[in-house]
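To keep things clear, I will list the structure first and then write my remarks on it.
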Amino acid sequence: MLTIQPNRLDLKPGDRILDLGCGRGRHVYALYWGETPVHVVGADLSVEEVRATANGFFDLPPPAASPHRSATLSAADAARLPFADGSFDVVICSEVLEHVPDPDAALAEIVRVTRPGGQVAVSVPRWWPEKLCWNLSPDYSQTPGGHVRIFRERQLSRAAERTGLRLNARHWAHALHSPYWWLQCALWETRETSPLVRLYRRFLEWDLMKRPLFTRALETALNPILGKSLVMYFERPDA
C-alpha cells in the first residue's frame, strides 16, 4: 500500500533515494523492485522495524539485475541523520512527521541530505479525518509511538517552505481507509474483537491484493474528500 507515488518522482537510473521512517519497508520494496533501477536507503528509528524490512527481502524474488540497483538499511534518528550533505537525489518521508517530537528539525535534516535540485515527498495524516479519530477516542493519540500532532495542509507546506523547499504538487490517498480508522476509534475498547472492524479489515486486505477496477476508481474519486493521507511533493532549488 503506497502513499508516495513513485511515478511522480521523475526517477532516473542510479538515483539515490532515502526512505526516512521506512517502517516495514513498503516504499523501500516498491522502489527497489521498481522498473527504474535506483539505490534506495531505508532508515527508521526502530531497529525492530529495520530488521523486519531486511527479512522481507528474502520473501520476494530478486529484481532485474542492474549496477544501478541496490538497497541499504539503517537505524537512524530523523533529527540527526547519519548521512552527508546532499547525499540523496530524492528523500521520501511518509507518515512520520506526526510521530516525531520536533518536525522542524526533521525537515531541516531532510533538506540537508537532499542535493540541490533534488526532490522531497512528504505525507502526513489529513487534518479532518485525523481530527475525527482524536475526537472519537481519547486513547487514540495516547498510544505509545502514536501520533502526537495533527497537521493542517498550510501548516505543513509553510514548515517545508521555511527550510527552502518549493511545493510542486499534492494529492490525497487512502480514502477507503478513513472509515476503518473511524470504526477502530469508535469501538476502541473492542477494536481487536469487533466483527465490524474485522469485516472492514478483510475488505481492505482483499482490495489491496486484488485491486479491482471498481474500488480503485471509487478510491480515486473519494480521495479529494475522504483521503486519509495528505501527500506533498517538493523540490530543493539549486540556489
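FYI, nothing fancy with the C-alpha cells labels: chains A, B, ... in order, residues from 1 per chain, ligands from 1 as they appear.
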Residues near Gly34 (chain A), cut-off 12 Å, only C-alpha atoms, skip fewer than 3 positions along chain, as a ChimeraX atom specification: /A:5-7,11-13,26-31,37-40,62-66,68-70
Go ahead and write the selection's residues with C-alpha atoms as a PDB file, in the first residue's frame.
ATOM      1  CA  GLN A   5       3.607   7.653  -5.841  1.00  0.00           C
ATOM      2  CA  PRO A   6       6.983   6.722  -7.417  1.00  0.00           C
ATOM      3  CA  ASN A   7       5.806   7.802 -10.878  1.00  0.00           C
ATOM      4  CA  LEU A  11      13.316   8.777 -11.157  1.00  0.00           C
ATOM      5  CA  LYS A  12      16.430   8.149 -13.233  1.00  0.00           C
ATOM      6  CA  PRO A  13      18.655   5.047 -13.237  1.00  0.00           C
ATOM      7  CA  ARG A  26       6.629  -0.773   1.825  1.00  0.00           C
ATOM      8  CA  HIS A  27       8.208   2.103  -0.105  1.00  0.00           C
ATOM      9  CA  VAL A  28      11.682   0.551   0.059  1.00  0.00           C
ATOM     10  CA  TYR A  29      10.375  -2.583  -1.643  1.00  0.00           C
ATOM     11  CA  ALA A  30       8.423  -0.650  -4.266  1.00  0.00           C
ATOM     12  CA  LEU A  31      11.485   1.403  -5.194  1.00  0.00           C
ATOM     13  CA  PRO A  37      16.857   0.818 -11.034  1.00  0.00           C
ATOM     14  CA  VAL A  38      17.823   3.037  -8.098  1.00  0.00           C
ATOM     15  CA  HIS A  39      19.933   2.950  -4.954  1.00  0.00           C
ATOM     16  CA  VAL A  40      17.448   3.069  -2.072  1.00  0.00           C
ATOM     17  CA  PRO A  62      15.204 -10.920  -6.974  1.00  0.00           C
ATOM     18  CA  PRO A  63      14.638  -7.925  -9.264  1.00  0.00           C
ATOM     19  CA  ALA A  64      16.234  -7.476 -12.669  1.00  0.00           C
ATOM     20  CA  ALA A  65      19.980  -7.165 -12.185  1.00  0.00           C
ATOM     21  CA  SER A  66      21.457  -3.708 -12.663  1.00  0.00           C
ATOM     22  CA  HIS A  68      22.231   0.989 -10.588  1.00  0.00           C
ATOM     23  CA  ARG A  69      20.067  -1.074  -8.217  1.00  0.00           C
ATOM     24  CA  SER A  70      20.850  -1.582  -4.527  1.00  0.00           C
TER      25      SER A  70
END
Can you tell me which residues surround region 76-82 of chain A at a distance of at most 7 Å, considering only C-alpha atoms, apart from same-chain residues fewer than 4 positions away, and format the answer as a ChimeraX atom specification? /A:43-45,105-106,109
Output file for the residues above (C-alpha atoms, as a PDB file, in the first residue's frame):
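Saved result, result-v3.pdb, follows:
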ATOM      1  CA  ALA A  43      16.087   4.376   7.633  1.00  0.00           C
ATOM      2  CA  ASP A  44      13.961   4.066  10.751  1.00  0.00           C
ATOM      3  CA  LEU A  45      14.349   4.856  14.448  1.00  0.00           C
ATOM      4  CA  ALA A 105      14.322  19.530  12.967  1.00  0.00           C
ATOM      5  CA  ALA A 106      13.393  16.508  10.847  1.00  0.00           C
ATOM      6  CA  GLU A 109      17.690  17.273   8.140  1.00  0.00           C
TER       7      GLU A 109
END
DSSP helix (DSSP H, G or I) residues within region 50-182 of chain A, listed as a PyMOL selection string: chain A and resi 50-59+103-113+127-136+140-142+153-162+175-182
Write out as a VMD selection string the residues lying within 7 Å of His99 (chain A), counting only C-alpha atoms and excluding same-chain residues fewer than 5 positions away. chain A and resid 145 to 148
Selected residue, from A:His177, A:Arg191, A:Arg211, A:Arg166, that lies nearest to Tyr140 (chain A) when counting only C-alpha atoms: A:Arg191
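Residues in contact with Ser87 (chain A) at up to 8 Å, not including ones fewer than 3 positions away on its chain and judged by only C-alpha atoms, are Arg16, Phe83, Ala84, Val113, Thr114 and Arg115 of chain A.
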What is the CA of Val124 (chain A)-CA of Ser229 (chain A) distance in Å, reported with one decimal? 5.6 Å
Do a neighbour search on Thr220 (chain A) at 12 Å with only C-alpha atoms, toss out local chain neighbours closer than 5 positions, and write the hits as a list in words. His171, Trp172, Ala173, His174, Ala175, Leu176, Leu213, Phe214, Thr215, Ile225, Leu226 and Gly227 of chain A
Keeping only N, CA and C atoms, take the residues you just selected and write them out as a short mmCIF file (atom, residue, chain, number, x, y, z; two decimals), in the first residue's frame.
data_model
loop_
_atom_site.label_atom_id
_atom_site.label_comp_id
_atom_site.auth_asym_id
_atom_site.auth_seq_id
_atom_site.Cartn_x
_atom_site.Cartn_y
_atom_site.Cartn_z
N HIS A 171 -1.54 15.63 -3.47
CA HIS A 171 -2.74 14.82 -3.68
C HIS A 171 -3.10 14.17 -2.35
N TRP A 172 -4.21 13.45 -2.35
CA TRP A 172 -4.65 12.75 -1.15
C TRP A 172 -4.71 11.26 -1.45
N ALA A 173 -4.64 10.44 -0.41
CA ALA A 173 -4.56 8.99 -0.62
C ALA A 173 -5.35 8.25 0.46
N HIS A 174 -5.75 7.02 0.12
CA HIS A 174 -6.31 6.04 1.05
C HIS A 174 -7.68 6.44 1.62
N ALA A 175 -8.56 6.91 0.74
CA ALA A 175 -9.90 7.29 1.20
C ALA A 175 -10.64 6.11 1.82
N LEU A 176 -10.46 4.91 1.28
CA LEU A 176 -11.18 3.75 1.81
C LEU A 176 -10.68 3.35 3.19
N LEU A 213 -10.94 -2.93 -10.40
CA LEU A 213 -11.11 -1.63 -11.04
C LEU A 213 -12.14 -0.78 -10.32
N PHE A 214 -13.22 -1.41 -9.83
CA PHE A 214 -14.28 -0.65 -9.18
C PHE A 214 -13.77 0.08 -7.94
N THR A 215 -13.07 -0.62 -7.03
CA THR A 215 -12.61 0.03 -5.81
C THR A 215 -11.49 1.03 -6.10
N ILE A 225 -11.99 13.99 -1.06
CA ILE A 225 -12.95 14.26 0.01
C ILE A 225 -12.57 13.53 1.29
N LEU A 226 -12.30 12.22 1.18
CA LEU A 226 -12.09 11.37 2.35
C LEU A 226 -10.65 10.91 2.53
N GLY A 227 -9.76 11.29 1.64
CA GLY A 227 -8.39 10.77 1.69
C GLY A 227 -7.78 10.85 3.08
#
When DSSP works through the backbone of this structure, what residues of region 24-186 of chain A end up as strand (DSSP E or B), shown as a PyMOL selection string? chain A and resi 39-44+70-75+77+80+88-94+114-125+166-173
